[in-house]
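Data block below; observations after.
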Amino acid sequence: MGSKNKLKRFRENETFSNVVQPSREELVDGTFPLKGKWNSDFFKNDNPIVVELGCGKGEYSVGLAEKYPDKNFIGIDIKGARFWRGAKTALEDNLDNVGFMRTQIELIEYAFAKAEIDEIWITFPDPQIKYKRTKHRMTNTEFLQKYKNVLKEDGCVNLKTDSEFMHGYTLGLLHGEGHEILEANHNVYKNEYSPEEVVGIQTFYEKQYLEQGKPITYIKFRVK
């Protein structure tokens, strides 16, 4: 994507009513006004809040919002030029139950109050295979504790990935740390019992993975 195109998208994002772009300082110093008030001030309802981390173009967040109008969805990514597409689609389709936030995922505890989120989706994250990149894996111990702090007591995390490494790493960690695994599937499209929200929405890259014959894996779990 050209730099001019990126700048155009950044400018458009600033005009979108469904996009929130807090500064790091605003989050860390506790002045972010939506923390603890996403339901009342952003969505203006009491529906469950579902967050997608690393939402990319926002296809999954928008797809979930279309399927579940009685839930609120927030796609989070640091790359605003990517989720511009999802935000624009949501506005064009009058989907008022989905929004987007530009921030780093490690700041999630500053963006949401304790137990403010009902569910988290992590869709096709970078597996960060090299050992020195372990701290960046979105299902490592540190991240799991961050998720626990913002999730409701019975809240769950969904991981959908084409990476067998990420799938195996996460399963091993969950078992080792005693978290509750609700579902684990090595190939969702070959399992007739796969949940509709797992197989009913496909991102641009997911379609490419499927064309390449890559199995798509899925884990649903609760952090203990």
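Every chain in the structure tokens has a letter given in the order shown (A, B, ...), and although residue numbers restart at 1 in each chain, ligands are simply numbered from 1 in the order shown.
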
Who sits within 10 Å of A:Leu144, only C-alpha atoms, same chain under 2 positions skipped, as a PyMOL selection string: chain A and resi 138-142+146-149+157+174+179+222-224

Residues at most 6 Å from stretch 100-108 of chain A, counting only C-alpha atoms, excluding those fewer than 2 positions away in the same chain, as a ChimeraX atom specification? /A:19-21,74-78,80,110-111

DSSP alpha helix (DSSP H) residues within stretch 132-201 of chain A, listed as a ChimeraX atom specification: /A:141-150,164-177,196-199

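In terms of minimum interatomic distance to A:Ile120, A:Phe221 ranks closest within A:Phe16, A:Phe32, A:Phe221, A:Phe165, counting only C-alpha atoms.
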
Measuring between only C-alpha atoms, which one of A:Ser163, A:Gln145, A:Asn158, A:Thr134 shows the shortest distance to A:Ala184?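 Distance minimum relative to A:Ala184 lands on A:Asn158.
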
Computed interatomic separation between atom CA of A:Glu66 and atom CA of A:Asp93 (Å): 9.4 Å

Shell around A:Arg137 at 9 Å using only C-alpha atoms, local window under 5 positions removed, as a PyMOL selection string: chain A and resi 125-129+143+166

With distances taken over only C-alpha atoms, the candidate from A:Val28, A:Cys156, A:Leu91, A:Val51 nearest A:Ile219 is A:Cys156

Distance of atom CA of A:Thr123 from atom CA of A:His136, expressed in Å to one decimal place: 15.0 Å

Give the strand (DSSP E) residues of chain A, as DSSP finds them on the backbone, and put them as a PyMOL selection string. chain A and resi 19-20+49-53+72-77+98-102+117-123+151-161+180-185+217-222

What's the 12 Å shell around A:Gly213, counting only C-alpha atoms, without same-chain residues fewer than 4 positions away, as a PyMOL selection string? chain A and resi 162+187+189-190+206-209

Based on the selection just made, write N, CA, C and O atoms of those residues as a CSV table (one decimal), in the first residue's frame.
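The result, written out as result26.csv:
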chain,number,residue,atom,x,y,z
A,162,ASP,N,-3.7,-20.9,11.3
A,162,ASP,CA,-3.3,-21.9,10.3
A,162,ASP,C,-1.9,-22.4,10.8
A,162,ASP,O,-1.4,-23.3,10.1
A,187,ASN,N,-8.5,-29.3,12.7
A,187,ASN,CA,-8.9,-29.0,11.3
A,187,ASN,C,-10.4,-28.7,11.3
A,187,ASN,O,-11.2,-29.6,11.2
A,189,TYR,N,-12.5,-27.4,9.3
A,189,TYR,CA,-13.3,-27.7,8.1
A,189,TYR,C,-13.5,-29.1,7.8
A,189,TYR,O,-14.3,-29.5,6.9
A,190,LYS,N,-12.9,-30.0,8.6
A,190,LYS,CA,-13.1,-31.4,8.5
A,190,LYS,C,-13.9,-32.0,9.7
A,190,LYS,O,-14.0,-33.2,9.9
A,206,GLU,N,-7.3,-16.3,5.2
A,206,GLU,CA,-7.8,-17.7,5.5
A,206,GLU,C,-8.2,-18.4,4.2
A,206,GLU,O,-7.9,-19.6,4.0
A,207,LYS,N,-8.8,-17.7,3.3
A,207,LYS,CA,-9.2,-18.3,2.0
A,207,LYS,C,-7.9,-18.7,1.3
A,207,LYS,O,-7.9,-19.8,0.6
A,208,GLN,N,-6.9,-17.9,1.4
A,208,GLN,CA,-5.6,-18.3,0.7
A,208,GLN,C,-5.0,-19.5,1.3
A,208,GLN,O,-4.5,-20.4,0.6
A,209,TYR,N,-5.1,-19.6,2.7
A,209,TYR,CA,-4.5,-20.8,3.4
A,209,TYR,C,-5.3,-22.0,3.0
A,209,TYR,O,-4.7,-23.1,2.7

Kindly indicate which residue among A:Trp38, A:Tyr60, A:Tyr169, A:Phe124 lies nearest to A:Glu197, using only C-alpha atoms for the distances. A:Tyr60

Which residues, written as a PDB file with N, CA and C atoms, in the first residue's frame, have at least one atom at most 12 Å from A:Asn47, with only C-alpha atoms counted and residues fewer than 6 positions away on the same chain left out?
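Now in selection-v1.pdb:
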ATOM      1  N   TRP A  38     -17.517   1.245  27.904  1.00  0.00           N
ATOM      2  CA  TRP A  38     -17.759   0.895  26.500  1.00  0.00           C
ATOM      3  C   TRP A  38     -19.246   0.675  26.238  1.00  0.00           C
ATOM      4  N   ASN A  39     -19.917  -0.024  27.146  1.00  0.00           N
ATOM      5  CA  ASN A  39     -21.351  -0.268  26.957  1.00  0.00           C
ATOM      6  C   ASN A  39     -22.166   1.023  26.994  1.00  0.00           C
ATOM      7  N   SER A  40     -21.951   1.818  28.023  1.00  0.00           N
ATOM      8  CA  SER A  40     -22.794   3.008  28.215  1.00  0.00           C
ATOM      9  C   SER A  40     -22.471   4.134  27.239  1.00  0.00           C
ATOM     10  N   ALA A  65     -20.248  -9.375  13.875  1.00  0.00           N
ATOM     11  CA  ALA A  65     -21.277  -8.369  14.168  1.00  0.00           C
ATOM     12  C   ALA A  65     -22.532  -8.606  13.333  1.00  0.00           C
ATOM     13  N   TYR A  68     -24.256 -11.769  14.891  1.00  0.00           N
ATOM     14  CA  TYR A  68     -24.743 -11.657  16.268  1.00  0.00           C
ATOM     15  C   TYR A  68     -25.088 -10.203  16.614  1.00  0.00           C
ATOM     16  N   PRO A  69     -26.237  -9.726  16.143  1.00  0.00           N
ATOM     17  CA  PRO A  69     -26.628  -8.326  16.396  1.00  0.00           C
ATOM     18  C   PRO A  69     -26.878  -8.019  17.874  1.00  0.00           C
ATOM     19  N   ASP A  70     -27.010  -9.062  18.696  1.00  0.00           N
ATOM     20  CA  ASP A  70     -27.247  -8.858  20.121  1.00  0.00           C
ATOM     21  C   ASP A  70     -25.956  -8.844  20.934  1.00  0.00           C
ATOM     22  N   LYS A  71     -24.822  -8.739  20.238  1.00  0.00           N
ATOM     23  CA  LYS A  71     -23.522  -8.608  20.911  1.00  0.00           C
ATOM     24  C   LYS A  71     -22.781  -7.414  20.330  1.00  0.00           C
ATOM     25  N   ASN A  72     -21.848  -6.861  21.102  1.00  0.00           N
ATOM     26  CA  ASN A  72     -21.010  -5.751  20.652  1.00  0.00           C
ATOM     27  C   ASN A  72     -19.612  -6.266  20.335  1.00  0.00           C
ATOM     28  N   PHE A  73     -19.016  -5.767  19.265  1.00  0.00           N
ATOM     29  CA  PHE A  73     -17.695  -6.236  18.843  1.00  0.00           C
ATOM     30  C   PHE A  73     -16.723  -5.076  18.686  1.00  0.00           C
ATOM     31  N   ASN A  97     -23.098  -2.222  15.992  1.00  0.00           N
ATOM     32  CA  ASN A  97     -22.618  -3.065  17.093  1.00  0.00           C
ATOM     33  C   ASN A  97     -21.165  -3.487  16.900  1.00  0.00           C
ATOM     34  N   VAL A  98     -20.430  -2.749  16.087  1.00  0.00           N
ATOM     35  CA  VAL A  98     -19.002  -3.048  15.902  1.00  0.00           C
ATOM     36  C   VAL A  98     -18.209  -1.741  15.815  1.00  0.00           C
ATOM     37  N   GLU A 116     -14.714  -6.382  32.017  1.00  0.00           N
ATOM     38  CA  GLU A 116     -15.568  -5.621  31.092  1.00  0.00           C
ATOM     39  C   GLU A 116     -15.868  -6.398  29.807  1.00  0.00           C
ATOM     40  N   ILE A 117     -15.032  -7.384  29.502  1.00  0.00           N
ATOM     41  CA  ILE A 117     -15.143  -8.127  28.245  1.00  0.00           C
ATOM     42  C   ILE A 117     -15.720  -9.521  28.493  1.00  0.00           C
ATOM     43  N   ASP A 118     -16.589  -9.960  27.582  1.00  0.00           N
ATOM     44  CA  ASP A 118     -17.200 -11.286  27.691  1.00  0.00           C
ATOM     45  C   ASP A 118     -16.411 -12.356  26.933  1.00  0.00           C
ATOM     46  N   GLU A 119     -15.755 -11.950  25.849  1.00  0.00           N
ATOM     47  CA  GLU A 119     -15.092 -12.948  25.004  1.00  0.00           C
ATOM     48  C   GLU A 119     -13.996 -12.284  24.182  1.00  0.00           C
TER      49      GLU A 119
END

With only C-alpha atoms as the atoms that count, which of A:Asn191, A:Asn185, A:Asn94, A:Thr203 lies nearest to A:Ser17?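 Among the listed residues, A:Asn94 lies closest to A:Ser17.
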
Find the residue from A:Ala115, A:Val198, A:Ile181, A:Ala81 that sits nearest to A:Glu153; use only C-alpha atoms when measuring.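 Closest residue, counting only C-alpha atoms: A:Ala115.
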